[in-house]
>>> print(open('input_13.txt').read())   # compact mmCIF, C-alpha atoms and all ligand atoms
# COMPACT_ATOMS: atom_id res chain seq x y z
CA THR A 188 -25.50 14.05 172.93
CA ARG A 189 -26.50 16.65 170.35
CA TYR A 190 -29.70 16.43 168.34
CA ASN A 191 -30.87 17.24 164.84
CA VAL A 192 -33.84 19.51 165.40
CA ALA A 193 -36.43 20.95 163.01
CA ILE A 194 -38.99 23.72 163.43
CA VAL A 195 -42.00 23.45 161.13
CA GLY A 196 -43.82 26.76 160.77
CA ALA A 197 -40.52 28.56 161.31
CA THR A 198 -41.67 31.86 159.76
CA GLY A 199 -44.64 32.27 162.14
CA ASN A 200 -44.76 33.96 165.55
CA VAL A 201 -44.31 30.75 167.53
CA GLY A 202 -41.79 29.23 165.09
CA ARG A 203 -39.48 32.26 165.23
CA GLU A 204 -39.79 32.43 169.00
CA THR A 205 -38.96 28.70 169.27
CA LEU A 206 -35.70 29.31 167.35
CA GLU A 207 -34.95 32.23 169.65
CA VAL A 208 -35.59 30.22 172.84
CA LEU A 209 -33.57 27.21 171.57
CA SER A 210 -30.60 29.44 170.89
CA GLU A 211 -30.89 31.41 174.18
CA ARG A 212 -31.07 28.24 176.26
CA ALA A 213 -28.23 26.57 174.32
CA PHE A 214 -30.30 23.49 173.55
CA PRO A 215 -27.87 20.71 172.53
CA ILE A 216 -28.28 21.00 168.77
CA ASN A 217 -26.27 19.31 166.06
CA ASN A 218 -28.13 20.69 163.02
CA VAL A 219 -31.21 22.91 163.04
CA TYR A 220 -33.67 23.00 160.13
CA ALA A 221 -36.15 25.84 159.61
CA ILE A 222 -39.11 24.48 157.68
CA ALA A 223 -42.25 26.07 156.29
CA SER A 224 -44.63 25.84 153.36
CA ARG A 225 -43.42 25.95 149.77
CA GLU A 226 -44.36 29.67 149.51
CA SER A 227 -41.82 30.56 152.22
CA GLN A 228 -38.99 28.55 150.66
CA ASN A 229 -35.68 30.49 150.63
CA LYS A 230 -36.94 33.14 153.06
CA GLU A 231 -34.60 33.61 156.01
CA VAL A 232 -35.10 33.45 159.78
CA SER A 233 -32.63 34.06 162.60
CA PHE A 234 -31.22 31.52 164.98
CA GLY A 235 -29.08 33.36 167.54
CA ASP A 236 -26.53 35.27 165.46
CA LYS A 237 -26.95 32.91 162.50
CA THR A 238 -29.38 33.10 159.62
CA LEU A 239 -31.21 29.99 158.46
CA LYS A 240 -32.71 29.51 155.03
CA ILE A 241 -36.24 28.08 155.05
CA SER A 242 -36.74 24.75 153.35
CA SER A 243 -40.09 23.47 152.15
CA ILE A 244 -41.72 20.74 154.24
CA ASP A 245 -42.39 18.65 151.15
CA ASN A 246 -38.65 18.56 150.30
CA THR A 247 -37.48 17.67 153.81
CA ASP A 248 -36.02 14.27 154.61
CA PHE A 249 -37.17 13.73 158.21
CA SER A 250 -35.20 10.48 158.60
CA LYS A 251 -32.15 12.43 159.75
CA ILE A 252 -34.10 14.59 162.24
CA GLU A 253 -34.70 13.49 165.84
CA ILE A 254 -36.86 16.22 167.40
CA VAL A 255 -39.43 18.27 165.46
CA PHE A 256 -41.37 21.25 166.79
CA PHE A 257 -44.61 21.85 164.90
CA ALA A 258 -45.59 25.53 165.31
CA THR A 259 -48.54 25.11 162.96
CA ASP A 260 -52.33 25.06 163.05
CA ALA A 261 -54.34 21.85 163.34
CA GLU A 262 -54.87 21.56 159.59
CA ILE A 263 -51.12 21.46 158.80
CA SER A 264 -50.41 19.20 161.78
CA GLN A 265 -53.13 16.82 160.56
CA LYS A 266 -51.40 16.55 157.21
CA TYR A 267 -47.89 15.79 158.50
CA VAL A 268 -47.42 15.03 162.22
CA SER A 269 -48.57 11.37 162.45
CA ASN A 270 -46.55 10.34 159.39
CA ILE A 271 -43.40 12.01 160.61
CA ALA A 272 -43.82 10.58 164.13
CA ARG A 273 -44.32 7.08 162.68
CA GLN A 274 -40.95 7.46 160.92
CA GLY A 275 -39.39 7.77 164.40
CA CYS A 276 -39.13 11.55 164.87
CA LEU A 277 -40.24 12.86 168.28
CA VAL A 278 -42.81 15.58 167.60
CA ILE A 279 -43.76 18.42 169.97
CA ASP A 280 -46.94 19.76 168.41
CA LYS A 281 -48.35 23.19 169.25
CA SER A 282 -51.63 22.75 167.40
CA SER A 283 -54.84 21.70 169.16
CA LEU A 284 -55.07 18.48 167.11
CA PHE A 285 -53.67 15.90 169.56
CA ARG A 286 -54.18 17.70 172.87
CA LEU A 287 -57.11 15.56 174.02
CA ASP A 288 -55.86 12.30 172.46
CA PRO A 289 -55.52 9.82 175.38
CA ASP A 290 -52.36 8.40 173.76
CA VAL A 291 -50.65 11.80 173.57
CA PRO A 292 -49.30 13.51 176.69
CA LEU A 293 -50.32 17.19 177.03
CA ILE A 294 -47.53 18.71 179.06
CA VAL A 295 -46.86 21.75 181.21
CA PRO A 296 -43.57 20.72 182.86
CA GLU A 297 -44.37 22.53 186.12
CA ALA A 298 -47.73 20.76 186.42
CA ASN A 299 -47.75 17.22 184.99
CA LEU A 300 -44.27 16.14 183.98
CA ARG A 301 -45.10 12.62 185.12
CA SER A 302 -47.33 12.12 182.07
CA LEU A 303 -44.40 12.73 179.70
CA LYS A 304 -43.42 9.04 179.75
CA ASP A 305 -46.46 8.24 177.57
CA TYR A 306 -44.78 9.96 174.60
CA THR A 307 -43.67 6.50 173.41
CA LYS A 308 -47.24 5.59 172.44
CA LYS A 309 -47.26 7.85 169.37
CA ASN A 310 -43.93 9.73 169.48
CA ILE A 311 -46.06 12.89 169.87
CA ILE A 312 -46.27 15.34 172.78
CA ALA A 313 -48.86 18.12 172.66
CA ASN A 314 -48.08 21.67 173.77
CA PRO A 315 -51.22 23.21 175.36
CA ASN A 316 -53.13 26.38 174.44
CA CYS A 317 -51.38 29.64 175.33
CA CYS A 318 -53.88 30.44 178.13
CA THR A 319 -54.01 26.89 179.48
CA ILE A 320 -50.24 26.90 180.14
CA PRO A 321 -49.94 29.88 182.52
CA ILE A 322 -53.19 28.95 184.28
CA ALA A 323 -51.90 25.40 184.90
CA VAL A 324 -48.53 26.73 186.16
CA VAL A 325 -50.39 28.79 188.78
CA LEU A 326 -53.31 26.54 189.75
CA LYS A 327 -51.55 23.16 189.98
CA PRO A 328 -49.46 24.00 193.07
CA LEU A 329 -52.54 25.54 194.73
CA ASP A 330 -54.60 22.42 193.90
CA ASN A 331 -51.88 20.25 195.46
CA VAL A 332 -52.54 21.99 198.78
CA ALA A 333 -56.28 22.74 198.62
CA LYS A 334 -58.36 20.88 196.03
CA ILE A 335 -60.00 23.17 193.49
CA ARG A 336 -63.77 22.95 193.21
CA ARG A 337 -64.57 25.41 190.41
CA ILE A 338 -62.79 28.07 188.33
CA ILE A 339 -64.26 31.08 186.52
CA ILE A 340 -61.83 32.42 183.90
CA SER A 341 -62.03 35.56 181.75
CA THR A 342 -59.17 36.08 179.31
CA TYR A 343 -57.74 39.25 177.70
CA GLN A 344 -55.79 37.85 174.74
CA SER A 345 -53.33 39.71 172.57
CA VAL A 346 -53.45 39.64 168.77
CA SER A 347 -50.10 37.82 168.41
CA GLY A 348 -51.94 34.60 169.40
CA SER A 349 -53.65 34.82 166.04
CA GLY A 350 -50.44 35.23 164.00
CA ARG A 351 -48.28 37.82 162.30
CA ALA A 352 -50.97 39.05 159.92
CA ALA A 353 -53.23 39.71 162.91
CA MET A 354 -50.54 41.91 164.47
CA ASP A 355 -50.31 43.87 161.22
CA GLU A 356 -54.08 44.22 161.25
CA LEU A 357 -54.08 45.89 164.69
CA TYR A 358 -51.25 48.19 163.58
CA ASN A 359 -52.82 49.14 160.25
CA GLN A 360 -56.30 49.64 161.66
CA THR A 361 -54.94 51.87 164.40
CA LYS A 362 -53.01 54.02 161.89
CA ALA A 363 -55.98 54.14 159.50
CA LYS A 364 -58.29 55.47 162.20
CA TYR A 365 -56.07 58.54 162.58
CA ILE A 366 -56.27 59.37 158.88
CA PHE A 367 -60.01 58.65 158.71
CA ASN A 368 -59.60 55.57 156.53
CA ASP A 369 -61.84 52.59 156.95
CA VAL A 370 -60.01 49.30 157.28
CA GLN A 371 -62.20 46.22 157.13
CA PRO A 372 -61.43 43.26 159.45
CA GLN A 373 -59.54 40.46 157.70
CA ASN A 374 -58.11 38.10 160.29
CA PHE A 375 -60.64 38.96 162.96
CA PRO A 376 -64.45 38.85 163.13
CA ARG A 377 -64.63 42.52 164.19
CA GLN A 378 -62.54 45.70 164.26
CA ILE A 379 -59.71 45.20 166.79
CA ALA A 380 -58.21 48.71 166.98
CA PHE A 381 -59.93 50.75 169.73
CA ASN A 382 -62.20 47.79 170.40
CA LEU A 383 -62.38 44.29 171.89
CA PHE A 384 -64.63 41.31 171.21
CA PRO A 385 -65.72 38.13 173.00
CA GLN A 386 -64.83 35.70 170.24
CA ILE A 387 -61.62 33.70 169.86
CA GLY A 388 -61.85 30.75 167.51
CA ASN A 389 -65.20 29.58 166.16
CA PHE A 390 -68.52 29.12 167.88
CA ASN A 391 -69.53 25.70 169.22
CA LYS A 392 -73.20 24.68 168.98
CA ASP A 393 -73.86 25.65 172.62
CA GLY A 394 -72.69 29.25 172.06
CA SER A 395 -69.26 28.79 173.65
CA THR A 396 -66.16 29.25 171.46
CA THR A 397 -63.52 26.67 170.55
CA GLU A 398 -60.89 28.64 172.51
CA GLU A 399 -63.10 28.51 175.63
CA SER A 400 -63.77 24.76 175.38
CA LYS A 401 -60.08 24.03 174.70
CA ILE A 402 -59.00 25.80 177.88
CA SER A 403 -61.53 24.05 180.09
CA LEU A 404 -60.88 20.55 178.66
CA GLU A 405 -57.09 20.96 178.62
CA LEU A 406 -57.03 22.05 182.28
CA LYS A 407 -58.92 18.84 183.20
CA LYS A 408 -56.35 16.72 181.37
CA ILE A 409 -53.39 18.54 182.93
CA ILE A 410 -54.49 19.23 186.52
CA GLY A 411 -57.09 16.50 187.03
CA SER A 412 -60.59 15.39 186.06
CA HIS A 413 -62.06 17.15 189.13
CA ILE A 414 -61.28 20.55 187.55
CA LYS A 415 -64.43 22.36 186.45
CA ALA A 416 -63.69 25.60 184.61
CA THR A 417 -66.06 28.01 182.89
CA VAL A 418 -64.29 30.33 180.47
CA THR A 419 -64.96 33.55 178.51
CA CYS A 420 -62.24 34.51 176.02
CA VAL A 421 -61.86 38.10 174.84
CA ARG A 422 -59.51 39.53 172.18
CA VAL A 423 -58.01 42.87 173.17
CA PRO A 424 -55.96 45.43 171.18
CA VAL A 425 -52.63 44.39 172.72
CA PHE A 426 -49.76 43.05 170.60
CA VAL A 427 -48.13 40.48 172.89
CA SER A 428 -48.99 38.79 176.25
CA HIS A 429 -52.25 37.23 177.34
CA SER A 430 -53.87 38.12 180.68
CA MET A 431 -56.51 36.29 182.68
CA SER A 432 -58.82 37.17 185.52
CA ILE A 433 -59.41 34.05 187.62
CA ASN A 434 -61.86 33.25 190.39
CA VAL A 435 -61.02 29.95 192.13
CA GLU A 436 -63.21 28.16 194.63
CA PHE A 437 -61.33 25.65 196.78
CA SER A 438 -62.85 22.77 198.75
CA GLU A 439 -61.18 24.13 201.90
CA GLU A 440 -59.89 27.43 203.25
CA LEU A 441 -56.72 28.82 201.60
CA ASN A 442 -55.91 32.36 202.62
CA VAL A 443 -54.10 35.00 200.55
CA GLU A 444 -50.82 34.73 202.46
CA GLU A 445 -50.76 30.93 202.09
CA ALA A 446 -51.51 31.17 198.36
CA GLU A 447 -48.77 33.76 197.85
CA GLU A 448 -46.30 31.60 199.76
CA ILE A 449 -47.11 28.48 197.72
CA LEU A 450 -46.74 30.38 194.43
CA ARG A 451 -43.48 32.04 195.52
CA GLU A 452 -41.92 28.57 195.83
CA SER A 453 -42.24 28.07 192.06
CA ASP A 454 -39.24 29.13 189.94
CA SER A 455 -41.65 29.86 187.10
CA ILE A 456 -43.85 32.37 188.91
CA GLU A 457 -43.38 35.93 190.07
CA VAL A 458 -45.88 37.03 192.68
CA ASN A 459 -46.74 40.70 192.98
CA SER A 460 -47.87 40.81 196.57
CA LEU A 461 -50.51 43.34 197.49
CA LEU A 462 -47.99 44.59 200.03
CA ASN A 463 -45.51 45.55 197.28
CA GLU A 464 -45.31 49.02 195.83
CA ILE A 465 -45.99 47.81 192.27
CA GLN A 466 -49.17 45.88 192.66
CA TYR A 467 -49.74 44.23 189.31
CA ALA A 468 -48.17 43.17 186.01
CA CYS A 469 -49.58 44.35 182.67
CA PRO A 470 -49.03 42.77 179.24
CA ILE A 471 -46.30 45.23 178.17
CA ASP A 472 -44.39 44.63 181.43
CA VAL A 473 -43.88 40.95 180.66
CA VAL A 474 -43.16 40.81 176.91
CA GLY A 475 -40.00 38.78 176.27
CA THR A 476 -39.88 37.30 179.78
CA ASP A 477 -40.13 33.66 180.81
CA LEU A 478 -42.20 33.86 183.97
CA VAL A 479 -45.88 33.72 184.76
CA TYR A 480 -46.84 36.83 186.73
CA VAL A 481 -49.54 36.59 189.40
CA SER A 482 -50.94 39.77 190.88
CA ARG A 483 -53.89 40.94 192.96
CA ILE A 484 -54.42 37.68 194.85
CA ARG A 485 -57.35 38.56 197.08
CA LYS A 486 -60.25 37.06 198.95
CA ASP A 487 -63.64 36.82 197.25
CA TYR A 488 -66.05 37.79 200.02
CA SER A 489 -69.11 36.68 198.03
CA GLN A 490 -68.41 33.00 198.65
CA LYS A 491 -66.37 30.93 201.11
CA ASN A 492 -62.98 29.35 200.26
CA THR A 493 -62.63 31.51 197.15
CA LEU A 494 -59.79 33.70 195.82
CA ASN A 495 -59.48 36.10 192.91
CA LEU A 496 -56.23 36.57 191.01
CA TRP A 497 -54.76 38.18 187.89
CA ILE A 498 -52.29 36.33 185.63
CA THR A 499 -50.18 37.78 182.81
CA ALA A 500 -47.59 35.94 180.69
CA ASP A 501 -45.93 36.30 177.29
CA ASN A 502 -48.15 34.09 175.13
CA LEU A 503 -45.39 33.48 172.57
CA ARG A 504 -42.85 32.40 175.21
CA LYS A 505 -44.28 30.51 178.23
CA GLY A 506 -47.61 30.30 176.41
CA ALA A 507 -46.00 28.59 173.43
CA ALA A 508 -42.32 28.41 172.41
CA LEU A 509 -40.70 28.30 175.84
CA ASN A 510 -43.10 25.61 177.07
CA GLY A 511 -42.29 23.57 173.94
CA VAL A 512 -38.53 23.89 174.47
CA GLN A 513 -38.91 22.99 178.15
CA ILE A 514 -40.80 19.85 177.08
CA ALA A 515 -37.88 19.01 174.73
CA GLU A 516 -35.37 19.58 177.56
CA GLU A 517 -37.27 17.10 179.73
CA LEU A 518 -37.57 14.68 176.82
CA ILE A 519 -33.82 14.53 176.23
CA LYS A 520 -33.27 13.86 179.95
CA VAL A 521 -35.47 10.76 179.49
CA LEU A 522 -33.62 9.79 176.28
CA ASN A 523 -30.29 10.05 178.08
CA GLU A 524 -31.36 7.93 181.07
C1 LIG B 601 -55.17 32.98 170.21
N1 LIG B 601 -54.84 31.17 171.77
O1 LIG B 601 -54.71 33.74 171.06
C2 LIG B 601 -55.21 31.50 170.43
C3 LIG B 601 -54.39 30.86 169.36
O2 LIG B 601 -55.38 26.37 170.56
O3 LIG B 601 -53.35 27.05 170.47
C4 LIG B 601 -53.95 29.45 169.63
C5 LIG B 601 -55.04 28.48 169.65
C6 LIG B 601 -54.55 27.21 170.25
O4 LIG B 601 -55.65 33.36 169.16
>>> encode(input="input_13.txt", output="C-alpha cells")
Amino acid sequence: TRYNVAIVGATGNVGRETLEVLSERAFPINNVYAIASRESQNKEVSFGDKTLKISSIDNTDFSKIEIVFFATDAEISQKYVSNIARQGCLVIDKSSLFRLDPDVPLIVPEANLRSLKDYTKKNIIANPNCCTIPIAVVLKPLDNVAKIRRIIISTYQSVSGSGRAAMDELYNQTKAKYIFNDVQPQNFPRQIAFNLFPQIGNFNKDGSTTEESKISLELKKIIGSHIKATVTCVRVPVFVSHSMSINVEFSEELNVEEAEEILRESDSIEVNSLLNEIQYACPIDVVGTDLVYVSRIRKDYSQKNTLNLWITADNLRKGAALNGVQIAEELIKVLNE
C-alpha cells in the first residue's frame, strides 16, 4: 500500500528534514504535499531529486490525505490538528501541544512502541521534544535492567532547535562581531554568538523553563512514572545537534561495562567506549546521522549506583524528523495488519 502524505510546516527546519528522511528511507508514498502558511505559498522545497511547490494550509483538502506530519509550533497545531484528525487523517504532531494528553501516545519507537496502539483514540500521535527523544533511547534499555531512581540532566542545545531564523541570527551575530557591529538579539533572549544562556522557552512560575519541564514530564510518560528528572537547559552557539550531560542514579548496581554492553545491543545507539581511541562525540561529528551517540560512560564516585554519561544526537533528525518518520513506519505496519 502507498499513502498520500502531507508535511505541514514544510519550509521549516523540521519540515524540510522530514521530506529528506521520507525520501531517503523510501517511505511508501503515493502523493506528497508540502504545506505551509499562506505567506510561503508557491515557494519550493526539495523531496529527494524532485521539487515540490508549497501549498497553503487553508487551501488544502485533507480528505484525500492519510498521514500528516505537523512540523509546527503549538499555536499552529492548536488551530488545525484536532480538526484534521477528526476528518480521519492520522496526524504525527511535533509540537508540545498533545504530548501530555492521556489520549495521545507520545512515542519513541525504541522505548515505548507498545503505547502506539492508543493512536485510535484521537488519530494523533505526539513526537517528543528533541532532547527527550535521545535521552529516552539511551535510558529506557538501562531502566529495563536496573530501575532508575533519579536523573540530573544538563543540556547544550543548538540554535537549529529554535528555527531557521535563529540559525541566521547566530551566523549574522558572529560575522558582525568581527566588523565591530552591534547586532541585537531577535529570536533569542540574549546574544548567542560567543556566548551561551540558561534559558530555552519561557519561564514557569517556579523559575524553571518550559523546555526543562517538558523534558522531565515527557520522560515520565515515555519511560515510566517512577522517573524523576531534574533538568537545566542551556542554548549554545552551535548550529545543529543537541548534547546532554546526564547523571543517573539506579536503584541497584550497574557498572560501566554492563551499561556499555546494554547500549551496544541497540541498533539506534553508538557507544564510544572509554577504551576506544576516540573517546567522545561532539555536535559537528553527528550532524546528518541517525544514531544517538553515547560517550564517557563513567562511575560517579560521589554516590552509590550512579553513572555519568554524555549524549549527542542530531536534533533535526533523531530529535525530530527521523523519529516522526519512524513513528509513521510503525503506524503503517499496524494499518497493514
Ligand atoms: C529548542 N527543543 O531547541 C527546543 C525547540 O518542545 O519541541 C522545540 C521545543 C519542543 O529550541
>>> residues_around(input="input_13.txt", residues="range 406-419 of chain A", least_positions_apart="3", cutoff="8 Å", atoms="all atoms listed in the file", output="short mmCIF file (atom, residue, chain, number, x, y, z; two decimals) with C-alpha atoms, in the coordinates of the input")
data_model
loop_
_atom_site.label_atom_id
_atom_site.label_comp_id
_atom_site.auth_asym_id
_atom_site.auth_seq_id
_atom_site.Cartn_x
_atom_site.Cartn_y
_atom_site.Cartn_z
CA LEU A 287 -57.11 15.56 174.02
CA LEU A 293 -50.32 17.19 177.03
CA ILE A 294 -47.53 18.71 179.06
CA VAL A 295 -46.86 21.75 181.21
CA ALA A 298 -47.73 20.76 186.42
CA ASN A 299 -47.75 17.22 184.99
CA THR A 319 -54.01 26.89 179.48
CA ALA A 323 -51.90 25.40 184.90
CA LYS A 327 -51.55 23.16 189.98
CA ILE A 335 -60.00 23.17 193.49
CA ARG A 336 -63.77 22.95 193.21
CA ARG A 337 -64.57 25.41 190.41
CA ILE A 338 -62.79 28.07 188.33
CA ILE A 339 -64.26 31.08 186.52
CA ILE A 340 -61.83 32.42 183.90
CA SER A 341 -62.03 35.56 181.75
CA THR A 342 -59.17 36.08 179.31
CA PRO A 385 -65.72 38.13 173.00
CA GLU A 399 -63.10 28.51 175.63
CA SER A 400 -63.77 24.76 175.38
CA ILE A 402 -59.00 25.80 177.88
CA SER A 403 -61.53 24.05 180.09
#
>>> residues_near_ligand(input="input_13.txt", ligand="ligand LIG 601 (chain B)", cutoff="6 Å", atoms="only C-alpha atoms and all ligand atoms", output="ChimeraX atom specification")
/A:282-283,316-317,344,348-349
>>> closest_residue(input="input_13.txt", among="A:Gly196, A:Phe384, A:Glu207, A:Glu405", to="Asp288 in chain A", atoms="only C-alpha atoms")
A:Glu405
>>> closest_residue(input="input_13.txt", among="A:Val208, A:Ala213, A:Ala193, A:Leu494", to="Thr476 in chain A", atoms="only C-alpha atoms")
A:Val208
>>> residues_around(input="input_13.txt", residues="Ser482 in chain A", least_positions_apart="5", cutoff="9 Å", atoms="only C-alpha atoms", output="compact mmCIF listing (two decimals) with C-alpha atoms, in the coordinates of the input")
# COMPACT_ATOMS: atom_id res chain seq x y z
CA GLU A 457 -43.38 35.93 190.07
CA VAL A 458 -45.88 37.03 192.68
CA ASN A 459 -46.74 40.70 192.98
CA SER A 460 -47.87 40.81 196.57
CA LEU A 461 -50.51 43.34 197.49
CA GLN A 466 -49.17 45.88 192.66
CA TYR A 467 -49.74 44.23 189.31
CA ALA A 468 -48.17 43.17 186.01
CA LEU A 496 -56.23 36.57 191.01
CA TRP A 497 -54.76 38.18 187.89
CA ILE A 498 -52.29 36.33 185.63
CA THR A 499 -50.18 37.78 182.81
>>> closest_residue(input="input_13.txt", among="A:Val324, A:Asp280, A:Pro296, A:Leu206", to="Lys309 in chain A", atoms="only C-alpha atoms")
A:Asp280
>>> closest_residue(input="input_13.txt", among="A:Glu447, A:Ser302, A:Gly475, A:Lys334", to="Leu509 in chain A", atoms="only C-alpha atoms")
A:Gly475
>>> build_atoms(input="input_13.txt", residues="range 392-414 of chain A", atoms="N, CA and C atoms", output="PDB file, keeping the file's coordinate frame")
ATOM      1  N   LYS A 392     -71.734  24.665 169.063  1.00  0.00           N
ATOM      2  CA  LYS A 392     -73.200  24.680 168.980  1.00  0.00           C
ATOM      3  C   LYS A 392     -73.865  25.308 170.206  1.00  0.00           C
ATOM      4  N   ASP A 393     -73.235  25.157 171.382  1.00  0.00           N
ATOM      5  CA  ASP A 393     -73.860  25.650 172.620  1.00  0.00           C
ATOM      6  C   ASP A 393     -73.595  27.140 172.856  1.00  0.00           C
ATOM      7  N   GLY A 394     -72.935  27.822 171.902  1.00  0.00           N
ATOM      8  CA  GLY A 394     -72.690  29.250 172.060  1.00  0.00           C
ATOM      9  C   GLY A 394     -71.337  29.574 172.675  1.00  0.00           C
ATOM     10  N   SER A 395     -70.633  28.551 173.182  1.00  0.00           N
ATOM     11  CA  SER A 395     -69.260  28.790 173.650  1.00  0.00           C
ATOM     12  C   SER A 395     -68.357  28.856 172.412  1.00  0.00           C
ATOM     13  N   THR A 396     -67.087  29.266 172.598  1.00  0.00           N
ATOM     14  CA  THR A 396     -66.160  29.250 171.460  1.00  0.00           C
ATOM     15  C   THR A 396     -65.162  28.102 171.622  1.00  0.00           C
ATOM     16  N   THR A 397     -64.501  27.767 170.514  1.00  0.00           N
ATOM     17  CA  THR A 397     -63.520  26.670 170.550  1.00  0.00           C
ATOM     18  C   THR A 397     -62.379  26.991 171.513  1.00  0.00           C
ATOM     19  N   GLU A 398     -61.962  28.264 171.582  1.00  0.00           N
ATOM     20  CA  GLU A 398     -60.890  28.640 172.510  1.00  0.00           C
ATOM     21  C   GLU A 398     -61.337  28.364 173.955  1.00  0.00           C
ATOM     22  N   GLU A 399     -62.587  28.702 174.268  1.00  0.00           N
ATOM     23  CA  GLU A 399     -63.100  28.510 175.630  1.00  0.00           C
ATOM     24  C   GLU A 399     -63.171  27.024 175.985  1.00  0.00           C
ATOM     25  N   SER A 400     -63.671  26.196 175.049  1.00  0.00           N
ATOM     26  CA  SER A 400     -63.770  24.760 175.380  1.00  0.00           C
ATOM     27  C   SER A 400     -62.392  24.114 175.453  1.00  0.00           C
ATOM     28  N   LYS A 401     -61.443  24.577 174.614  1.00  0.00           N
ATOM     29  CA  LYS A 401     -60.080  24.030 174.700  1.00  0.00           C
ATOM     30  C   LYS A 401     -59.516  24.252 176.099  1.00  0.00           C
ATOM     31  N   ILE A 402     -59.612  25.486 176.588  1.00  0.00           N
ATOM     32  CA  ILE A 402     -59.000  25.800 177.880  1.00  0.00           C
ATOM     33  C   ILE A 402     -59.610  24.935 178.975  1.00  0.00           C
ATOM     34  N   SER A 403     -60.941  24.799 178.983  1.00  0.00           N
ATOM     35  CA  SER A 403     -61.530  24.050 180.090  1.00  0.00           C
ATOM     36  C   SER A 403     -61.215  22.554 179.980  1.00  0.00           C
ATOM     37  N   LEU A 404     -61.196  21.989 178.791  1.00  0.00           N
ATOM     38  CA  LEU A 404     -60.880  20.550 178.660  1.00  0.00           C
ATOM     39  C   LEU A 404     -59.389  20.264 178.899  1.00  0.00           C
ATOM     40  N   GLU A 405     -58.529  21.168 178.424  1.00  0.00           N
ATOM     41  CA  GLU A 405     -57.090  20.960 178.620  1.00  0.00           C
ATOM     42  C   GLU A 405     -56.706  21.028 180.099  1.00  0.00           C
ATOM     43  N   LEU A 406     -57.341  21.953 180.844  1.00  0.00           N
ATOM     44  CA  LEU A 406     -57.030  22.050 182.280  1.00  0.00           C
ATOM     45  C   LEU A 406     -57.403  20.764 183.011  1.00  0.00           C
ATOM     46  N   LYS A 407     -58.517  20.134 182.615  1.00  0.00           N
ATOM     47  CA  LYS A 407     -58.920  18.840 183.200  1.00  0.00           C
ATOM     48  C   LYS A 407     -57.844  17.789 182.950  1.00  0.00           C
ATOM     49  N   LYS A 408     -57.344  17.742 181.696  1.00  0.00           N
ATOM     50  CA  LYS A 408     -56.350  16.720 181.370  1.00  0.00           C
ATOM     51  C   LYS A 408     -55.035  16.961 182.123  1.00  0.00           C
ATOM     52  N   ILE A 409     -54.684  18.232 182.314  1.00  0.00           N
ATOM     53  CA  ILE A 409     -53.390  18.540 182.930  1.00  0.00           C
ATOM     54  C   ILE A 409     -53.449  18.501 184.455  1.00  0.00           C
ATOM     55  N   ILE A 410     -54.454  19.145 185.042  1.00  0.00           N
ATOM     56  CA  ILE A 410     -54.490  19.230 186.520  1.00  0.00           C
ATOM     57  C   ILE A 410     -55.245  18.045 187.115  1.00  0.00           C
ATOM     58  N   GLY A 411     -56.342  17.642 186.501  1.00  0.00           N
ATOM     59  CA  GLY A 411     -57.090  16.500 187.030  1.00  0.00           C
ATOM     60  C   GLY A 411     -58.548  16.592 186.625  1.00  0.00           C
ATOM     61  N   SER A 412     -59.222  15.434 186.584  1.00  0.00           N
ATOM     62  CA  SER A 412     -60.590  15.390 186.060  1.00  0.00           C
ATOM     63  C   SER A 412     -61.579  16.109 186.984  1.00  0.00           C
ATOM     64  N   HIS A 413     -61.155  16.434 188.220  1.00  0.00           N
ATOM     65  CA  HIS A 413     -62.060  17.150 189.130  1.00  0.00           C
ATOM     66  C   HIS A 413     -62.151  18.647 188.778  1.00  0.00           C
ATOM     67  N   ILE A 414     -61.308  19.113 187.856  1.00  0.00           N
ATOM     68  CA  ILE A 414     -61.280  20.550 187.550  1.00  0.00           C
ATOM     69  C   ILE A 414     -62.471  20.945 186.682  1.00  0.00           C
TER      70      ILE A 414
END
